[in-house]
file start.cif (mmCIF, C-alpha atoms and all ligand atoms)
data_start
#
loop_
_atom_site.group_PDB
_atom_site.id
_atom_site.type_symbol
_atom_site.label_atom_id
_atom_site.label_comp_id
_atom_site.auth_asym_id
_atom_site.auth_seq_id
_atom_site.Cartn_x
_atom_site.Cartn_y
_atom_site.Cartn_z
ATOM 1 C CA MET A 1 141.061 -19.866 102.784
ATOM 2 C CA PRO A 2 137.828 -20.369 100.701
ATOM 3 C CA SER A 3 136.778 -24.039 100.345
ATOM 4 C CA LYS A 4 137.567 -25.904 97.117
ATOM 5 C CA GLN A 5 133.847 -25.748 96.285
ATOM 6 C CA SER A 6 133.623 -21.977 96.682
ATOM 7 C CA GLN A 7 136.837 -21.605 94.659
ATOM 8 C CA GLN A 8 135.168 -23.566 91.811
ATOM 9 C CA LYS A 9 132.176 -21.159 92.006
ATOM 10 C CA GLY A 10 134.542 -18.165 91.904
ATOM 11 C CA CYS A 11 133.672 -15.853 94.781
ATOM 12 C CA ALA A 12 130.411 -17.431 95.997
ATOM 13 C CA PRO A 13 129.458 -15.981 99.434
ATOM 14 C CA VAL A 14 130.741 -18.217 102.288
ATOM 15 C CA ARG A 15 127.559 -19.457 104.041
ATOM 16 C CA ARG A 16 127.386 -19.243 107.880
ATOM 17 C CA ASN A 17 126.892 -22.601 109.600
ATOM 18 C CA MET A 18 125.049 -20.926 112.515
ATOM 19 C CA SER A 19 122.179 -18.411 112.462
ATOM 20 C CA LYS A 20 122.939 -14.742 113.269
ATOM 21 C CA GLU A 21 120.718 -14.989 116.386
ATOM 22 C CA HIS A 22 122.653 -18.010 117.628
ATOM 23 C CA LEU A 23 125.969 -16.216 117.098
ATOM 24 C CA LEU A 24 124.736 -13.092 118.925
ATOM 25 C CA GLN A 25 123.563 -15.227 121.858
ATOM 26 C CA GLU A 26 127.052 -16.743 122.065
ATOM 27 C CA LEU A 27 128.533 -13.243 121.999
ATOM 28 C CA GLU A 28 126.141 -12.135 124.764
ATOM 29 C CA ALA A 29 127.313 -15.086 126.872
ATOM 30 C CA LEU A 30 130.803 -13.613 126.456
ATOM 31 C CA ASP A 31 129.331 -10.343 127.763
ATOM 32 C CA PHE A 32 130.049 -8.548 124.460
ATOM 33 C CA ALA A 33 127.314 -6.699 122.524
ATOM 34 C CA PRO A 34 128.727 -5.289 119.237
ATOM 35 C CA ASP A 35 127.600 -1.817 118.154
ATOM 36 C CA ARG A 36 124.831 -2.074 115.537
ATOM 37 C CA GLU A 37 125.196 1.451 114.170
ATOM 38 C CA PRO A 38 126.334 1.469 110.482
ATOM 39 C CA TYR A 39 130.040 2.271 110.146
ATOM 40 C CA LEU A 40 129.298 4.872 107.456
ATOM 41 C CA PRO A 41 126.409 7.254 106.634
ATOM 42 C CA PRO A 42 124.780 6.824 103.172
ATOM 43 C CA PRO A 43 126.730 8.707 100.450
ATOM 44 C CA SER A 44 125.749 12.397 99.962
ATOM 45 C CA PRO A 45 123.512 13.167 96.957
ATOM 46 C CA LEU A 46 125.580 14.402 94.009
ATOM 47 C CA VAL A 47 125.157 17.157 91.420
ATOM 48 C CA ILE A 48 126.230 15.798 88.025
ATOM 49 C CA VAL A 49 126.740 18.305 85.208
ATOM 50 C CA ILE A 50 126.505 16.818 81.697
ATOM 51 C CA SER A 51 127.710 19.371 79.182
ATOM 52 C CA GLY A 52 129.221 19.604 75.736
ATOM 53 C CA PRO A 53 128.598 21.077 72.309
ATOM 54 C CA SER A 54 125.222 20.991 70.612
ATOM 55 C CA GLY A 55 124.664 17.706 68.805
ATOM 56 C CA VAL A 56 126.989 15.457 70.854
ATOM 57 C CA GLY A 57 124.048 13.564 72.341
ATOM 58 C CA LYS A 58 123.281 15.092 75.765
ATOM 59 C CA ASP A 59 119.511 14.849 75.302
ATOM 60 C CA ALA A 60 119.690 11.368 73.768
ATOM 61 C CA THR A 61 121.880 10.163 76.652
ATOM 62 C CA ILE A 62 119.501 11.566 79.280
ATOM 63 C CA LYS A 63 116.459 10.136 77.524
ATOM 64 C CA ARG A 64 118.194 6.717 77.420
ATOM 65 C CA MET A 65 119.038 6.952 81.139
ATOM 66 C CA GLN A 66 115.367 7.681 81.838
ATOM 67 C CA GLU A 67 114.297 4.722 79.687
ATOM 68 C CA LEU A 68 116.687 2.486 81.650
ATOM 69 C CA GLY A 69 115.276 3.786 84.938
ATOM 70 C CA VAL A 70 118.561 5.331 86.125
ATOM 71 C CA PRO A 71 117.409 6.881 89.461
ATOM 72 C CA PHE A 72 118.720 10.435 88.972
ATOM 73 C CA HIS A 73 116.614 13.591 89.088
ATOM 74 C CA PHE A 74 117.005 15.125 85.624
ATOM 75 C CA VAL A 75 116.497 18.867 86.082
ATOM 76 C CA VAL A 76 114.012 20.412 83.646
ATOM 77 C CA THR A 77 115.345 23.862 82.846
ATOM 78 C CA ALA A 78 113.509 26.965 81.597
ATOM 79 C CA THR A 79 113.972 28.416 78.136
ATOM 80 C CA THR A 80 112.607 31.101 75.856
ATOM 81 C CA ARG A 81 113.562 28.965 72.815
ATOM 82 C CA PRO A 82 110.456 27.963 70.806
ATOM 83 C CA ARG A 83 109.372 24.375 71.377
ATOM 84 C CA ARG A 84 110.586 21.885 68.773
ATOM 85 C CA PRO A 85 108.139 19.285 67.325
ATOM 86 C CA GLY A 86 107.840 16.452 69.832
ATOM 87 C CA GLU A 87 109.116 18.494 72.785
ATOM 88 C CA VAL A 88 106.847 18.587 75.832
ATOM 89 C CA HIS A 89 106.478 21.571 78.214
ATOM 90 C CA GLY A 90 107.549 20.538 81.711
ATOM 91 C CA LYS A 91 109.400 17.488 80.381
ATOM 92 C CA ASP A 92 112.010 18.716 77.894
ATOM 93 C CA TYR A 93 111.925 22.316 79.107
ATOM 94 C CA PHE A 94 109.706 24.827 80.824
ATOM 95 C CA PHE A 95 108.956 26.861 77.697
ATOM 96 C CA VAL A 96 108.390 30.438 78.919
ATOM 97 C CA SER A 97 108.049 33.900 77.405
ATOM 98 C CA LEU A 98 110.774 36.529 77.672
ATOM 99 C CA GLU A 99 108.674 38.362 80.278
ATOM 100 C CA GLU A 100 108.198 35.207 82.343
ATOM 101 C CA PHE A 101 111.940 34.498 82.165
ATOM 102 C CA ALA A 102 112.766 38.063 83.246
ATOM 103 C CA GLU A 103 110.403 37.608 86.192
ATOM 104 C CA MET A 104 112.212 34.395 87.209
ATOM 105 C CA ILE A 105 115.499 36.308 87.195
ATOM 106 C CA GLU A 106 113.901 39.176 89.130
ATOM 107 C CA LYS A 107 112.593 36.817 91.797
ATOM 108 C CA GLY A 108 115.957 35.037 92.138
ATOM 109 C CA GLU A 109 114.396 31.727 91.115
ATOM 110 C CA LEU A 110 117.281 30.678 88.877
ATOM 111 C CA LEU A 111 120.462 29.004 90.084
ATOM 112 C CA GLU A 112 122.139 29.935 86.784
ATOM 113 C CA TYR A 113 121.007 31.383 83.462
ATOM 114 C CA ALA A 114 122.594 32.244 80.153
ATOM 115 C CA VAL A 115 121.881 33.207 76.572
ATOM 116 C CA VAL A 116 122.510 30.039 74.549
ATOM 117 C CA TYR A 117 122.379 30.281 70.742
ATOM 118 C CA GLY A 118 120.284 33.437 71.103
ATOM 119 C CA ASP A 119 117.713 32.073 73.581
ATOM 120 C CA TYR A 120 117.575 32.394 77.367
ATOM 121 C CA LYS A 121 118.043 29.217 79.404
ATOM 122 C CA GLY A 122 118.021 28.891 83.190
ATOM 123 C CA ILE A 123 118.092 26.348 86.039
ATOM 124 C CA PRO A 124 115.188 26.528 88.545
ATOM 125 C CA LYS A 125 116.886 26.668 91.959
ATOM 126 C CA GLN A 126 114.014 25.214 93.996
ATOM 127 C CA GLN A 127 113.790 22.104 91.783
ATOM 128 C CA VAL A 128 117.475 21.332 92.443
ATOM 129 C CA ARG A 129 117.146 21.959 96.182
ATOM 130 C CA GLU A 130 114.079 19.710 96.514
ATOM 131 C CA ALA A 131 115.662 16.876 94.534
ATOM 132 C CA LEU A 132 118.824 16.939 96.671
ATOM 133 C CA ALA A 133 116.756 17.135 99.866
ATOM 134 C CA SER A 134 114.898 13.997 98.759
ATOM 135 C CA GLY A 135 118.269 12.226 98.605
ATOM 136 C CA LYS A 136 118.397 12.002 94.791
ATOM 137 C CA ASP A 137 121.453 12.621 92.652
ATOM 138 C CA VAL A 138 120.719 15.558 90.363
ATOM 139 C CA VAL A 139 121.693 15.829 86.679
ATOM 140 C CA LEU A 140 122.128 19.273 85.098
ATOM 141 C CA ARG A 141 122.231 19.211 81.285
ATOM 142 C CA ILE A 142 123.680 22.617 80.482
ATOM 143 C CA ASP A 143 126.021 24.255 78.019
ATOM 144 C CA VAL A 144 129.730 24.863 78.591
ATOM 145 C CA GLN A 145 129.281 28.456 79.812
ATOM 146 C CA GLY A 146 126.604 27.245 82.237
ATOM 147 C CA ALA A 147 128.981 24.567 83.508
ATOM 148 C CA ALA A 148 131.592 27.232 84.255
ATOM 149 C CA THR A 149 129.006 29.204 86.267
ATOM 150 C CA ILE A 150 127.902 26.112 88.203
ATOM 151 C CA ARG A 151 131.533 25.275 88.992
ATOM 152 C CA LYS A 152 131.706 28.619 90.855
ATOM 153 C CA ILE A 153 128.373 28.099 92.662
ATOM 154 C CA ILE A 154 128.706 24.332 93.347
ATOM 155 C CA PRO A 155 132.444 23.521 93.280
ATOM 156 C CA ASN A 156 131.723 20.002 94.569
ATOM 157 C CA ALA A 157 129.594 19.088 91.545
ATOM 158 C CA ILE A 158 130.885 16.498 89.054
ATOM 159 C CA PHE A 159 131.558 17.902 85.578
ATOM 160 C CA ILE A 160 131.244 15.508 82.638
ATOM 161 C CA PHE A 161 132.011 16.689 79.095
ATOM 162 C CA LEU A 162 130.205 14.697 76.404
ATOM 163 C CA THR A 163 131.653 14.705 72.909
ATOM 164 C CA ALA A 164 131.219 12.960 69.572
ATOM 165 C CA GLU A 165 134.116 11.054 68.006
ATOM 166 C CA SER A 166 134.881 13.874 65.567
ATOM 167 C CA GLU A 167 133.618 17.211 64.287
ATOM 168 C CA GLU A 168 132.369 15.407 61.180
ATOM 169 C CA GLU A 169 130.293 13.013 63.308
ATOM 170 C CA LEU A 170 128.950 16.009 65.271
ATOM 171 C CA VAL A 171 127.943 17.902 62.113
ATOM 172 C CA LEU A 172 126.306 14.791 60.622
ATOM 173 C CA ARG A 173 124.239 14.371 63.803
ATOM 174 C CA LEU A 174 123.129 18.006 63.771
ATOM 175 C CA MET A 175 122.196 17.793 60.082
ATOM 176 C CA GLU A 176 120.353 14.511 60.594
ATOM 177 C CA ARG A 177 118.436 15.968 63.553
ATOM 178 C CA LYS A 178 117.066 18.738 61.293
ATOM 179 C CA THR A 179 116.282 21.098 64.176
ATOM 180 C CA GLU A 180 118.274 24.062 62.857
ATOM 181 C CA PRO A 181 118.211 25.981 59.538
ATOM 182 C CA PRO A 182 121.676 26.177 57.834
ATOM 183 C CA ASP A 183 122.585 29.610 59.305
ATOM 184 C CA LYS A 184 121.823 28.476 62.849
ATOM 185 C CA LEU A 185 123.692 25.228 62.168
ATOM 186 C CA LYS A 186 126.810 27.238 61.325
ATOM 187 C CA LEU A 187 126.530 29.106 64.653
ATOM 188 C CA ARG A 188 126.338 25.810 66.558
ATOM 189 C CA ILE A 189 129.322 24.355 64.733
ATOM 190 C CA ALA A 190 131.383 27.519 65.284
ATOM 191 C CA THR A 191 130.375 27.466 68.968
ATOM 192 C CA ALA A 192 131.248 23.753 69.196
ATOM 193 C CA ARG A 193 134.799 24.509 68.000
ATOM 194 C CA GLN A 194 135.211 27.033 70.845
ATOM 195 C CA GLU A 195 133.588 24.719 73.391
ATOM 196 C CA MET A 196 135.918 21.827 72.527
ATOM 197 C CA LYS A 197 138.810 24.060 73.658
ATOM 198 C CA ARG A 198 137.282 24.238 77.179
ATOM 199 C CA LEU A 199 137.473 20.489 77.799
ATOM 200 C CA ASP A 200 140.070 20.922 80.558
ATOM 201 C CA GLU A 201 137.533 22.792 82.710
ATOM 202 C CA PHE A 202 135.799 19.424 83.248
ATOM 203 C CA ASP A 203 136.518 16.421 85.487
ATOM 204 C CA TYR A 204 135.569 13.670 83.015
ATOM 205 C CA VAL A 205 135.136 13.317 79.261
ATOM 206 C CA VAL A 206 132.896 10.661 77.688
ATOM 207 C CA VAL A 207 132.981 10.007 73.936
ATOM 208 C CA ASN A 208 129.442 9.241 72.808
ATOM 209 C CA ARG A 209 130.423 6.870 69.977
ATOM 210 C CA ASP A 210 128.225 6.479 66.920
ATOM 211 C CA GLY A 211 125.579 3.828 67.649
ATOM 212 C CA ALA A 212 126.948 3.217 71.185
ATOM 213 C CA LEU A 213 124.533 5.238 73.328
ATOM 214 C CA ASP A 214 124.199 2.481 75.959
ATOM 215 C CA GLU A 215 127.973 2.447 76.376
ATOM 216 C CA THR A 216 127.818 6.212 77.015
ATOM 217 C CA VAL A 217 125.106 5.704 79.656
ATOM 218 C CA HIS A 218 127.138 2.915 81.258
ATOM 219 C CA ARG A 219 130.252 5.126 81.428
ATOM 220 C CA ILE A 220 128.372 8.017 83.072
ATOM 221 C CA CYS A 221 126.816 5.641 85.637
ATOM 222 C CA ALA A 222 130.244 4.153 86.326
ATOM 223 C CA ILE A 223 131.656 7.650 86.983
ATOM 224 C CA VAL A 224 128.830 8.368 89.443
ATOM 225 C CA GLU A 225 129.283 4.997 91.185
ATOM 226 C CA ALA A 226 132.992 5.644 91.623
ATOM 227 C CA GLU A 227 132.314 9.147 92.961
ATOM 228 C CA LYS A 228 129.961 7.644 95.568
ATOM 229 C CA CYS A 229 132.859 5.513 96.848
ATOM 230 C CA ARG A 230 135.063 8.532 97.592
ATOM 231 C CA VAL A 231 136.411 8.687 101.119
ATOM 232 C CA ARG A 232 136.056 12.477 101.041
ATOM 233 C CA GLN A 233 132.434 12.845 99.875
ATOM 234 C CA ARG A 234 131.453 15.721 97.564
ATOM 235 C CA VAL A 235 128.991 17.332 99.974
ATOM 236 C CA ILE A 236 126.737 19.838 98.165
ATOM 237 C CA GLU A 237 125.919 23.111 99.908
ATOM 238 C CA LEU A 238 123.146 24.988 98.096
HETATM 239 N N1 LIG B 301 123.584 27.472 80.650
HETATM 240 C C1 LIG B 301 122.495 26.709 80.467
HETATM 241 N N2 LIG B 301 122.426 25.902 79.381
HETATM 242 C C2 LIG B 301 121.299 25.158 79.246
HETATM 243 C C3 LIG B 301 120.228 25.179 80.159
HETATM 244 N N3 LIG B 301 119.272 24.306 79.712
HETATM 245 C C4 LIG B 301 119.735 23.752 78.561
HETATM 246 N N4 LIG B 301 120.959 24.265 78.291
HETATM 247 C C5 LIG B 301 121.843 23.969 77.176
HETATM 248 O O1 LIG B 301 121.558 24.824 76.099
HETATM 249 C C6 LIG B 301 122.115 24.245 74.920
HETATM 250 C C7 LIG B 301 121.126 24.389 73.798
HETATM 251 O O2 LIG B 301 120.038 23.574 74.101
HETATM 252 P P1 LIG B 301 118.937 23.336 72.950
HETATM 253 O O3 LIG B 301 118.406 24.655 72.525
HETATM 254 O O4 LIG B 301 117.977 22.329 73.508
HETATM 255 O O5 LIG B 301 119.769 22.799 71.742
HETATM 256 P P2 LIG B 301 120.561 21.428 71.561
HETATM 257 O O6 LIG B 301 121.657 21.361 72.584
HETATM 258 O O7 LIG B 301 121.086 21.561 70.171
HETATM 259 O O8 LIG B 301 119.568 20.316 71.729
HETATM 260 C C8 LIG B 301 122.401 22.778 75.271
HETATM 261 O O9 LIG B 301 123.795 22.634 75.480
HETATM 262 C C9 LIG B 301 121.683 22.577 76.599
HETATM 263 O O10 LIG B 301 122.331 21.614 77.405
HETATM 264 C C10 LIG B 301 120.343 26.046 81.286
HETATM 265 O O11 LIG B 301 119.458 26.139 82.145
HETATM 266 N N5 LIG B 301 121.481 26.785 81.401
HETATM 267 N N1 LIG B 302 125.636 7.593 70.140
HETATM 268 C C1 LIG B 302 124.927 8.116 69.111
HETATM 269 N N2 LIG B 302 125.019 7.543 67.888
HETATM 270 C C2 LIG B 302 124.325 8.058 66.847
HETATM 271 N N3 LIG B 302 123.510 9.140 66.910
HETATM 272 C C3 LIG B 302 123.389 9.736 68.110
HETATM 273 C C4 LIG B 302 124.070 9.258 69.278
HETATM 274 N N4 LIG B 302 123.724 10.063 70.336
HETATM 275 C C5 LIG B 302 122.867 10.994 69.842
HETATM 276 N N5 LIG B 302 122.657 10.802 68.520
HETATM 277 C C6 LIG B 302 121.804 11.613 67.641
HETATM 278 O O1 LIG B 302 122.500 12.816 67.405
HETATM 279 C C7 LIG B 302 121.583 13.932 67.352
HETATM 280 C C8 LIG B 302 121.978 14.931 68.430
HETATM 281 O O2 LIG B 302 121.715 14.347 69.707
HETATM 282 P P1 LIG B 302 121.108 15.241 70.881
HETATM 283 O O3 LIG B 302 120.851 14.343 72.035
HETATM 284 O O4 LIG B 302 119.977 16.083 70.365
HETATM 285 O O5 LIG B 302 122.375 16.207 71.184
HETATM 286 P P2 LIG B 302 122.500 17.433 72.214
HETATM 287 O O6 LIG B 302 121.382 17.289 73.206
HETATM 288 O O7 LIG B 302 123.850 17.281 72.802
HETATM 289 O O8 LIG B 302 122.348 18.661 71.362
HETATM 290 C C9 LIG B 302 120.196 13.355 67.608
HETATM 291 O O9 LIG B 302 119.545 13.147 66.342
HETATM 292 C C10 LIG B 302 120.473 12.017 68.276
HETATM 293 O O10 LIG B 302 119.463 11.066 67.996
#
call {"tool": "encode", "arguments": {"input": "start.cif", "output": "structure tokens", "more": "lines below"}}
Ligand SMILES: Nc1nc2c(ncn2[C@@H]2O[C@H](COP(=O)(O)OP(=O)(O)O)[C@@H](O)[C@H]2O)c(=O)[nH]1
Ligand SMILES: Nc1ncnc2c1ncn2[C@@H]1O[C@H](COP(=O)(O)OP(=O)(O)O)[C@@H](O)[C@H]1O
result
Amino acid sequence: MPSKQSQQKGCAPVRRNMSKEHLLQELEALDFAPDREPYLPPPSPLVIVISGPSGVGKDATIKRMQELGVPFHFVVTATTRPRRPGEVHGKDYFFVSLEEFAEMIEKGELLEYAVVYGDYKGIPKQQVREALASGKDVVLRIDVQGAATIRKIIPNAIFIFLTAESEEELVLRLMERKTEPPDKLKLRIATARQEMKRLDEFDYVVVNRDGALDETVHRICAIVEAEKCRVRQRVIEL
């Protein structure tokens, strides 16, 4: 039963009266040497897919996680889409030509690729493999069709669907972002309507509420923490 004092502190750690060495000497005298091997191996590195319609806040969420020093490897994917103002090659995307992209496909360098809003996008396989081998959890920020492909290739990945509170909020964000001309905006909104119908292909859904980006980051980290406590670990074979 914790002492009155520790009860007052809540769950303060109960301090040992004797040093660990002293206790182990006593145990030795009893001719008993406990096994020092850890009971459990460290949790397996995870593949975390963050997907959802254009404009829900995938990029903003990942940028915020990076600012907060969340220790995931955020995969930089390849695209033939022209670079937007402020985007950096090798950071936001590997911006490549159509020929270069075709060569990546030819050489089998892509784990997955798709045409997304008229541009090619693809996941460099080696980058994912190296990140996992280094023991890091890997985040894939891909569209809904890409998530479906990854679910076939890496069934043990964790699939998180990010959404805005409403279609109106989504459209306002896309308009405010000013990255698409009106005709392309319409395509993204029409695509978003279809993508919202595929929510049940995912394991988790996180609503990225207006002005609550840190709450979104916290929720995603909480999902990953819980997944690391699974008895049956999601071991990734790639
Ligand atoms: N399938 C797939 N989708 C990707 C890949 N890289 C990025 N995407 C997704 O492509 C979609 C369009 O990305 P982008 O052109 O940056 O537009 P945004 O989503 O409006 O910022 C987004 O949902 C990205 O998550 C990839 O390698 N594969
Ligand atoms: N929680 C939020 N509250 C308000 N605006 C947001 C939030 N998350 C993202 N945004 C804004 O919405 C727009 C779309 O976000 P972005 O990360 O580009 O979406 P996606 O990568 O999913 O296309 C951006 O201008 C971004 O700054």
call {"tool": "closest_atom_pairs", "arguments": {"input": "start.cif", "of": "chain A", "to": "ligand LIG 301 (chain B)", "cutoff": "10 Å", "atoms": "only C-alpha atoms and all ligand atoms", "output": "Markdown table"}}
result
| residue | atom | partner | partner_atom | distance |
| --- | --- | --- | --- | --- |
| A:Val49 | CA | B:LIG301 | O10 | 9.6 |
| A:Ile50 | CA | B:LIG301 | O10 | 7.7 |
| A:Ser51 | CA | B:LIG301 | O10 | 6.1 |
| A:Gly52 | CA | B:LIG301 | O9 | 6.2 |
| A:Pro53 | CA | B:LIG301 | O9 | 6.0 |
| A:Ser54 | CA | B:LIG301 | O6 | 4.1 |
| A:Gly55 | CA | B:LIG301 | O7 | 5.4 |
| A:Val56 | CA | B:LIG301 | O6 | 8.1 |
| A:Gly57 | CA | B:LIG301 | O8 | 8.1 |
| A:Lys58 | CA | B:LIG301 | O10 | 6.8 |
| A:Asp59 | CA | B:LIG301 | O8 | 6.5 |
| A:Ala60 | CA | B:LIG301 | O8 | 9.2 |
| A:Val75 | CA | B:LIG301 | O11 | 8.8 |
| A:Val76 | CA | B:LIG301 | N3 | 7.6 |
| A:Thr77 | CA | B:LIG301 | O11 | 4.8 |
| A:Ala78 | CA | B:LIG301 | O11 | 6.0 |
| A:Thr79 | CA | B:LIG301 | N3 | 6.9 |
| A:Thr80 | CA | B:LIG301 | O3 | 9.3 |
| A:Arg81 | CA | B:LIG301 | O3 | 6.5 |
| A:Pro82 | CA | B:LIG301 | O3 | 8.8 |
| A:Arg83 | CA | B:LIG301 | O4 | 9.1 |
| A:Arg84 | CA | B:LIG301 | O4 | 8.8 |
| A:Glu87 | CA | B:LIG301 | O4 | 9.7 |
| A:Asp92 | CA | B:LIG301 | O4 | 8.2 |
| A:Tyr93 | CA | B:LIG301 | N3 | 7.6 |
| A:Phe94 | CA | B:LIG301 | N3 | 9.6 |
| A:Leu110 | CA | B:LIG301 | O11 | 8.4 |
| A:Leu111 | CA | B:LIG301 | O11 | 8.5 |
| A:Glu112 | CA | B:LIG301 | N5 | 6.3 |
| A:Tyr113 | CA | B:LIG301 | N5 | 5.1 |
| A:Ala114 | CA | B:LIG301 | N1 | 4.9 |
| A:Val115 | CA | B:LIG301 | N1 | 7.2 |
| A:Val116 | CA | B:LIG301 | O1 | 5.5 |
| A:Tyr117 | CA | B:LIG301 | C7 | 6.8 |
| A:Gly118 | CA | B:LIG301 | O3 | 9.1 |
| A:Asp119 | CA | B:LIG301 | O3 | 7.5 |
| A:Tyr120 | CA | B:LIG301 | N5 | 7.9 |
| A:Lys121 | CA | B:LIG301 | C10 | 4.3 |
| A:Gly122 | CA | B:LIG301 | O11 | 3.3 |
| A:Ile123 | CA | B:LIG301 | O11 | 4.1 |
| A:Pro124 | CA | B:LIG301 | O11 | 7.7 |
| A:Leu140 | CA | B:LIG301 | N3 | 7.9 |
| A:Arg141 | CA | B:LIG301 | O10 | 4.6 |
| A:Ile142 | CA | B:LIG301 | O10 | 3.5 |
| A:Asp143 | CA | B:LIG301 | O9 | 3.7 |
| A:Val144 | CA | B:LIG301 | N1 | 7.0 |
| A:Gln145 | CA | B:LIG301 | N1 | 5.8 |
| A:Gly146 | CA | B:LIG301 | N1 | 3.4 |
| A:Ala147 | CA | B:LIG301 | N1 | 6.8 |
| A:Ala148 | CA | B:LIG301 | N1 | 8.8 |
| A:Thr149 | CA | B:LIG301 | N1 | 8.0 |
| A:Ile150 | CA | B:LIG301 | N1 | 8.8 |
| A:Leu174 | CA | B:LIG301 | O7 | 7.6 |
| A:Arg177 | CA | B:LIG301 | O7 | 9.1 |
| A:Thr179 | CA | B:LIG301 | O7 | 7.7 |
| A:Glu180 | CA | B:LIG301 | O7 | 8.2 |
| A:Leu185 | CA | B:LIG301 | O7 | 9.2 |
| A:Arg188 | CA | B:LIG301 | O7 | 7.7 |
| A:Ala192 | CA | B:LIG301 | O9 | 9.8 |
call {"tool": "axis_aligned_box", "arguments": {"input": "start.cif", "around": "ligand LIG 302 (chain B)", "padding_each_side": "3 Å", "output": "AutoDock Vina command-line options"}}
result
--center_x 122.5 --center_y 13.1 --center_z 69.8 --size_x 12.2 --size_y 17.1 --size_z 12.9
call {"tool": "residues_near_point", "arguments": {"input": "start.cif", "point": "(117.7, 6.7, 74.2)", "cutoff": "12 Å", "atoms": "only C-alpha atoms", "output": "list in words"}}
result
Gly57, Lys58, Asp59, Ala60, Thr61, Ile62, Lys63, Arg64, Met65, Gln66, Glu67, Leu68, Gly69, Gly211, Ala212, Leu213, Asp214, Glu215, Thr216 and Val217 of chain A
call {"tool": "atom_distance", "arguments": {"input": "start.cif", "atom1": "atom CA of A:Pro42", "atom2": "atom CA of A:Phe74"}}
result
20.9 Å
call {"tool": "atom_distance", "arguments": {"input": "start.cif", "atom1": "atom C4 of ligand LIG 302 (chain B)", "atom2": "atom CA of A:Arg173"}}
result
7.5 Å
call {"tool": "residues_near_point", "arguments": {"input": "start.cif", "point": "(123.1, 13.5, 96.7)", "cutoff": "6 Å", "atoms": "all atoms listed in the file", "output": "PyMOL selection string"}}
result
chain A and resi 44-46+132+135-137
call {"tool": "atom_distance", "arguments": {"input": "start.cif", "atom1": "atom CA of A:Lys178", "atom2": "atom N4 of ligand LIG 302 (chain B)"}}
result
14.2 Å
